[in-house]
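**Student:** Right, I'll just put the structure down here and ask away after.
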Amino acid sequence: MIKIDINNELKYIEKVRKINEGKNIKYYILTMGCQLNENDSEKICGMLENMGYAKTDDINNADLVIYNTCCVRENAEEKLFGKLGEVKKLKEAKGTIIAIGGCMMQEKHIVDKIKKSYKYDVIFGTHTLHKFPQDLYNAIIENKKVTDILDIDGEIIEGLPIKREDNIRASVTIMNGCNNFCTYCIVPYVRGRERSRAPEDILNEIKELAKKGYKEVTLLGQNVNSYMRVERERGEAISEINSFSKLLKSVNEIEGIEKIRFISPHPKDFTDGVIESIRECKKVSKFIHLPLQSGSSKVLKVMNRVYTKEQYLSLIEKMKKTIPDVRFSTDIIVGFPGETEEDFEDTLDVVRKVKFEQIFMFIYSRRKGTPADKMEEQVPEEIKHKRFDRLKALYEEIIAENNKEYIGTVQDILVEGYSKTNDSFLTGRTDSNKVVIFEGDSDLIGKITKVKIISEHMWYLRGEVIKELRLEKN
Ligand code: 5AD
Ligand code: SF4
């Protein structure tokens, strides 16, 4: 495990802060993609605020605009180029500094296209996040166009400042990169090989969060349950806590943290140890994200997912037997090359059997440099869209069915605050991530509260706070 020394980089934070002093300088940031990117953006915001920048949600007011990009599907690419077209006018009118970072910048053809056709000041990648202050300094002071991309990986960056979006729930990246090379996926090429943070660094970060009053943590990684796997195999995992199951148990012991979630796991790394930790650790959510991708064993093989339909279903069965009240969410891709009607029916079959609480549905998107992009039997767009609509219809049927099961039940809800759509209601989520709104006092915010579900409304549930609990207090 190579920890990068960032002290030299952090000196640039101070340098830029001096330049910005007394100037009321503002930044605007747009984050695309997954929670790992959002967590990186929180670090970018942390660095920027230490450099004297204040956040604005109005791009027209910003002196600095940052795009933190994603490249998992093509629509993110289109979105970025649209945004770069728009921000060009701002740069021409008032000299706005433009910085572009994230996964898409690890793709050479994209960087070449930006350099050729768009305006920018800084391009930084996923392995150079910590150098952002230095890159920005060079762009502002030296008036240079800076491109700072590295292909090397294996590094761990600790100690970057962070400005978190929320004050009750926090994300903590525990590992980075992916070694799985699913044939449709670009992530291993842009995020590099798997490497895990040292357990003591993770646990210290979570203890600090607990001290600040955070109640819920989500452990993040591209393949979160293979935490420490490569280090273990190389004999580098020196701590007692050398696996995901042990890490869960250690986080479960941190006082003040009440709920632990994690994404995204891979079915192949769901060992009996991980299942046992979920069952035994009270604070670990029993709502498991288990990416299926396809229900067809044939397609799964070509995807390099290393499990069959039957193995996936028996893993679900095993968890249902072992973990009381376990529920599942999943990711599904429709229209992977070679997917026939029969294959797609297999996917629908698994969806019917598992009755997922939440499905993230994706239309297969060709990614340059991945094996699936070169496969001959690409599915026509029209068929992909029709299958997507059929899956969505089934999903909606299942949500309605699942929702009914909640009515009359009492749920432990971590109260997050007032509902954004109606501020006379408080809002929170069930363990299974369903939004629940209910009336209640502001002193419930940040506490786990018993709420009885009284009605269902497709995308949210209505509830009422259990009165006995309120009486007890008085
Ligand atoms: N096309 C469509 N969906 C994809 N995903 C990853 N790569 C692609 C692609 N090329 C989906 C997978 C993954 C989720 C984060 O994004 O379902 O689990
Ligand atoms: Fe991509 Fe597969 Fe790795 Fe997930 S496990 S990031 S889908 S290669």
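Simple scheme: letters A, B, ... for chains in structure tokens order, numbers from 1 for residues in each chain, numbers from 1 for ligands in the order shown.
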Hey, what's within 10 Å of Phe132 (chain A) if we count only C-alpha atoms and toss same-chain stuff fewer than 2 positions away? As a list in words, please?
**Tutor:**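 The filter keeps Glu9, Leu10, Tyr12, Ile13, Ile44, Met47, Leu48, Ala99, Gly101, Val122, Ile123, Phe124, Gly125, Thr128, Leu129, His130, Gln134, Asp135, Leu136, Tyr137, Asn138 and Asp148 of chain A.
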**Student:** Give the alpha helix (DSSP H) residues of region 72-278 of chain A, as DSSP finds them on the backbone, and put them as a PyMOL selection string.
**Tutor:** chain A and resi 74-94+108-117+132-141+187-191+199-211+229-233+244-252+272-278
**Student:** Residues of chain A that have any atom at most 9 Å from an atom of ligand 2: could you tabulate them with the shortest-distance atom pair and the distance in Å to one decimal, using only C-alpha atoms and all ligand atoms, ordered by chain and increasing number, as CSV?
**Tutor:**
```
residue,atom,partner,partner_atom_place_in_ligand_line,distance
A:Val72,CA,ligand 2,1 (Fe),8.4
A:Gly177,CA,ligand 2,6 (S),7.5
A:Cys178,CA,ligand 2,3 (Fe),4.7
A:Asn179,CA,ligand 2,3 (Fe),6.4
A:Asn180,CA,ligand 2,8 (S),4.8
A:Phe181,CA,ligand 2,8 (S),4.2
A:Cys182,CA,ligand 2,8 (S),4.2
A:Thr183,CA,ligand 2,8 (S),7.2
A:Tyr184,CA,ligand 2,7 (S),7.5
A:Cys185,CA,ligand 2,1 (Fe),4.5
A:Ile186,CA,ligand 2,1 (Fe),6.4
A:Val187,CA,ligand 2,6 (S),5.0
A:Pro188,CA,ligand 2,8 (S),5.7
A:Tyr189,CA,ligand 2,8 (S),8.9
A:Arg191,CA,ligand 2,6 (S),8.7
A:Gly221,CA,ligand 2,6 (S),8.7
A:Gln222,CA,ligand 2,6 (S),4.9
A:Asn223,CA,ligand 2,5 (S),5.7
A:Ser264,CA,ligand 2,4 (Fe),7.5
A:Pro265,CA,ligand 2,5 (S),7.9
A:His266,CA,ligand 2,5 (S),6.2
A:Pro291,CA,ligand 2,7 (S),8.3
A:Gln293,CA,ligand 2,7 (S),8.3
A:Met303,CA,ligand 2,2 (Fe),8.6
A:Asn304,CA,ligand 2,2 (Fe),8.2
A:Arg305,CA,ligand 2,2 (Fe),7.2
```
**Student:** Go ahead and save the picked residues with C-alpha atoms, as a CSV table (one decimal), in the first residue's frame.
**Tutor:**
```csv
chain,number,residue,atom,x,y,z
A,72,VAL,CA,-19.8,4.9,-17.1
A,177,GLY,CA,-10.4,0.8,-8.1
A,178,CYS,CA,-11.6,-2.5,-9.5
A,179,ASN,CA,-10.0,-5.7,-10.7
A,180,ASN,CA,-13.1,-7.4,-12.1
A,181,PHE,CA,-13.1,-6.2,-15.7
A,182,CYS,CA,-16.7,-6.8,-16.4
A,183,THR,CA,-16.7,-6.6,-20.2
A,184,TYR,CA,-19.1,-3.7,-20.4
A,185,CYS,CA,-17.4,-1.5,-17.8
A,186,ILE,CA,-14.9,1.3,-18.2
A,187,VAL,CA,-14.3,1.7,-14.4
A,188,PRO,CA,-11.2,-0.6,-14.2
A,189,TYR,CA,-9.5,1.5,-16.9
A,191,ARG,CA,-10.0,4.1,-11.6
A,221,GLY,CA,-15.8,1.2,-3.0
A,222,GLN,CA,-16.1,0.0,-6.6
A,223,ASN,CA,-16.1,-3.5,-5.2
A,264,SER,CA,-21.3,-1.5,-4.2
A,265,PRO,CA,-20.6,-5.1,-3.4
A,266,HIS,CA,-20.0,-7.9,-5.9
A,291,PRO,CA,-25.9,-5.9,-8.6
A,293,GLN,CA,-26.6,-6.9,-14.3
A,303,MET,CA,-20.1,-10.1,-19.1
A,304,ASN,CA,-17.4,-11.8,-17.0
A,305,ARG,CA,-19.5,-11.6,-13.9
```
**Student:** Show which residues sit within 9 Å of Phe388 (chain A), as a ChimeraX atom specification. Count only C-alpha atoms, and ignore same-chain residues fewer than 5 positions away.
**Tutor:** /A:333-335,361-363,383,393
**Student:** Dump N, CA and C atoms for the selected residues as a short mmCIF file (atom, residue, chain, number, x, y, z; two decimals), in the first residue's frame?
**Tutor:**
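What ended up in selection_11.cif:
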```
data_model
loop_
_atom_site.label_atom_id
_atom_site.label_comp_id
_atom_site.auth_asym_id
_atom_site.auth_seq_id
_atom_site.Cartn_x
_atom_site.Cartn_y
_atom_site.Cartn_z
N ILE A 333 -28.53 -4.17 -16.38
CA ILE A 333 -28.25 -3.61 -17.71
C ILE A 333 -29.14 -4.33 -18.71
N VAL A 334 -29.86 -3.59 -19.53
CA VAL A 334 -30.62 -4.26 -20.60
C VAL A 334 -29.95 -3.99 -21.94
N GLY A 335 -30.01 -5.00 -22.80
CA GLY A 335 -29.49 -4.83 -24.16
C GLY A 335 -27.99 -5.02 -24.27
N MET A 361 -31.82 0.82 -13.28
CA MET A 361 -31.90 0.18 -14.59
C MET A 361 -31.08 0.97 -15.61
N PHE A 362 -30.29 0.26 -16.40
CA PHE A 362 -29.46 0.96 -17.37
C PHE A 362 -29.60 0.31 -18.73
N ILE A 363 -29.63 1.16 -19.75
CA ILE A 363 -29.56 0.65 -21.11
C ILE A 363 -28.09 0.49 -21.44
N ILE A 383 -34.85 -2.07 -29.71
CA ILE A 383 -35.11 -3.24 -28.86
C ILE A 383 -34.68 -2.97 -27.43
N ALA A 393 -41.87 -1.38 -16.25
CA ALA A 393 -43.27 -1.67 -15.91
C ALA A 393 -43.34 -2.75 -14.83
#
```
**Student:** Considering only C-alpha atoms, can you say which of A:Ser419, A:Asn37, A:Ser243, A:Ser432 comes closest to Ile288 (chain A)?
**Tutor:** A:Ser432
**Student:** Identify which of the residues A:Asp441, A:Glu276, A:Glu92, A:Glu216 lies closest to Glu258 (chain A), counting only C-alpha atoms when measuring atom-to-atom distances.
**Tutor:**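 Comparing A:Asp441, A:Glu276, A:Glu92, A:Glu216 against Glu258 (chain A), the winner is A:Glu216.
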**Student:** Excluding Ala62 (chain A) and any residue of its chain fewer than 6 positions from it, enumerate the residues within 9 Å of it, using only C-alpha atoms, and give them as a ChimeraX atom specification.
**Tutor:** /A:25-28,55-56,96-97
**Student:** Quick one: residues within 9 Å of Phe244 (chain A), only C-alpha atoms counted, chain neighbours fewer than 4 positions away excluded, as a count of residues only?
**Tutor:** 10
**Student:** Restricting the calculation to only C-alpha atoms, which member of A:Asp269, A:Asp63, A:Glu42, A:Glu86 is positioned closest to Lys163 (chain A)?
**Tutor:** A:Glu42
**Student:** If you run DSSP on the backbone here, which positions in region 85-172 of chain A get strand (DSSP E)? Please write them as a PyMOL selection string.
**Tutor:** chain A and resi 97-102+122-124+146-148+155-157+169-172
**Student:** Write out the residues from the selection above, keeping N, CA and C atoms, as a short mmCIF file (atom, residue, chain, number, x, y, z; two decimals), in the first residue's frame.
**Tutor:**
```
data_model
loop_
_atom_site.label_atom_id
_atom_site.label_comp_id
_atom_site.auth_asym_id
_atom_site.auth_seq_id
_atom_site.Cartn_x
_atom_site.Cartn_y
_atom_site.Cartn_z
N ILE A 97 -12.62 30.70 -14.56
CA ILE A 97 -11.64 29.60 -14.64
C ILE A 97 -12.41 28.29 -14.73
N ILE A 98 -12.01 27.42 -15.66
CA ILE A 98 -12.72 26.14 -15.85
C ILE A 98 -11.80 24.98 -15.51
N ALA A 99 -12.25 24.14 -14.55
CA ALA A 99 -11.48 22.95 -14.19
C ALA A 99 -12.34 21.71 -14.43
N ILE A 100 -11.74 20.71 -15.08
CA ILE A 100 -12.50 19.49 -15.39
C ILE A 100 -11.72 18.30 -14.83
N GLY A 101 -12.41 17.52 -14.00
CA GLY A 101 -11.72 16.37 -13.39
C GLY A 101 -12.57 15.12 -13.44
N GLY A 102 -12.09 14.07 -12.81
CA GLY A 102 -12.88 12.85 -12.67
C GLY A 102 -12.58 11.80 -13.72
N VAL A 122 -7.86 23.85 -16.25
CA VAL A 122 -7.23 22.71 -15.59
C VAL A 122 -7.97 21.43 -15.96
N ILE A 123 -7.20 20.42 -16.34
CA ILE A 123 -7.76 19.07 -16.49
C ILE A 123 -7.03 18.19 -15.50
N PHE A 124 -7.78 17.55 -14.60
CA PHE A 124 -7.12 16.67 -13.63
C PHE A 124 -7.86 15.33 -13.58
N VAL A 146 -3.36 23.71 -17.72
CA VAL A 146 -2.71 22.59 -17.03
C VAL A 146 -3.45 21.29 -17.31
N THR A 147 -2.71 20.27 -17.75
CA THR A 147 -3.29 18.93 -17.84
C THR A 147 -2.48 18.03 -16.93
N ASP A 148 -3.13 17.47 -15.93
CA ASP A 148 -2.41 16.68 -14.93
C ASP A 148 -3.08 15.32 -14.76
N GLU A 155 -2.03 3.86 -5.47
CA GLU A 155 -1.77 4.82 -4.40
C GLU A 155 -3.00 5.03 -3.51
N ILE A 156 -2.74 5.46 -2.28
CA ILE A 156 -3.81 5.83 -1.36
C ILE A 156 -3.54 7.26 -0.94
N ILE A 157 -4.54 8.09 -1.02
CA ILE A 157 -4.37 9.48 -0.60
C ILE A 157 -5.12 9.68 0.71
N ARG A 169 -25.59 12.16 7.72
CA ARG A 169 -25.14 10.99 6.97
C ARG A 169 -23.86 11.31 6.21
N ALA A 170 -22.89 10.40 6.25
CA ALA A 170 -21.61 10.67 5.58
C ALA A 170 -21.16 9.45 4.79
N SER A 171 -20.43 9.71 3.70
CA SER A 171 -19.84 8.61 2.93
C SER A 171 -18.36 8.53 3.24
N VAL A 172 -17.86 7.31 3.33
CA VAL A 172 -16.44 7.11 3.60
C VAL A 172 -15.91 6.10 2.57
#
```
**Student:** Using only C-alpha atoms and all ligand atoms for the distances, tell me which of A:Leu348, A:Ile263, A:Ala139, A:Ile206 is nearest to ligand 1.
**Tutor:**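 Counting only C-alpha atoms and all ligand atoms, the residue closest to ligand 1 is A:Ile263.
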**Student:** Write out as a PDB file with C-alpha atoms, in the first residue's frame the residues lying within 10 Å of region 411-414 of chain A, counting only C-alpha atoms and excluding same-chain residues fewer than 2 positions away.
**Tutor:**
```pdb
ATOM      1  CA  ILE A 168     -26.139  13.386   9.727  1.00  0.00           C
ATOM      2  CA  ARG A 169     -25.145  10.988   6.970  1.00  0.00           C
ATOM      3  CA  LYS A 215     -25.291   8.977  12.753  1.00  0.00           C
ATOM      4  CA  GLU A 216     -25.019   7.081   9.483  1.00  0.00           C
ATOM      5  CA  GLU A 258     -26.285   4.160  14.428  1.00  0.00           C
ATOM      6  CA  LYS A 259     -26.498   2.926  10.857  1.00  0.00           C
ATOM      7  CA  TYR A 406     -45.085  -1.749   4.808  1.00  0.00           C
ATOM      8  CA  GLY A 408     -49.173  -1.026   9.484  1.00  0.00           C
ATOM      9  CA  THR A 409     -45.529  -1.841  10.213  1.00  0.00           C
ATOM     10  CA  GLU A 416     -32.981  13.618   8.325  1.00  0.00           C
ATOM     11  CA  GLY A 417     -34.817  16.938   8.475  1.00  0.00           C
ATOM     12  CA  THR A 427     -38.501  13.036   6.389  1.00  0.00           C
ATOM     13  CA  GLY A 428     -36.284  10.006   6.824  1.00  0.00           C
ATOM     14  CA  ARG A 429     -35.764   6.557   5.359  1.00  0.00           C
ATOM     15  CA  THR A 430     -36.608   3.027   6.313  1.00  0.00           C
ATOM     16  CA  ASP A 431     -33.696   0.631   6.556  1.00  0.00           C
ATOM     17  CA  SER A 432     -34.622  -0.322   2.989  1.00  0.00           C
ATOM     18  CA  ASN A 433     -34.068   3.269   1.866  1.00  0.00           C
ATOM     19  CA  LYS A 434     -37.732   4.112   1.300  1.00  0.00           C
ATOM     20  CA  VAL A 435     -38.520   7.747   1.933  1.00  0.00           C
ATOM     21  CA  VAL A 436     -41.053   8.220   4.728  1.00  0.00           C
ATOM     22  CA  ILE A 437     -42.682  11.558   5.560  1.00  0.00           C
ATOM     23  CA  LEU A 444     -36.506  14.463  16.346  1.00  0.00           C
ATOM     24  CA  ILE A 445     -33.997  15.460  13.642  1.00  0.00           C
ATOM     25  CA  GLY A 446     -30.869  13.313  13.855  1.00  0.00           C
ATOM     26  CA  LYS A 447     -32.565  10.698  16.038  1.00  0.00           C
ATOM     27  CA  ILE A 448     -33.802   7.223  15.241  1.00  0.00           C
ATOM     28  CA  THR A 449     -37.553   7.376  15.749  1.00  0.00           C
ATOM     29  CA  LYS A 450     -40.294   4.742  15.617  1.00  0.00           C
ATOM     30  CA  VAL A 451     -42.738   5.565  12.840  1.00  0.00           C
ATOM     31  CA  LYS A 452     -45.866   3.601  11.900  1.00  0.00           C
ATOM     32  CA  ILE A 453     -46.529   3.472   8.156  1.00  0.00           C
ATOM     33  CA  GLY A 463     -46.193   7.559   8.518  1.00  0.00           C
ATOM     34  CA  VAL A 465     -44.595   8.938  14.971  1.00  0.00           C
ATOM     35  CA  ILE A 466     -45.543   6.344  17.580  1.00  0.00           C
TER      36      ILE A 466
END
```
**Student:** What does the distance from CA of Lys116 (chain A) to CA of Gly192 (chain A) come to in Å, to one decimal?
**Tutor:** 26.1 Å
**Student:** Give me the residues near Asp272 (chain A) as a PyMOL selection string, where near means some atom within 10 Å (using only C-alpha atoms) and where sequence neighbours in that chain fewer than 5 positions away do not count.
**Tutor:** chain A and resi 245+277-278+315+318-319+322
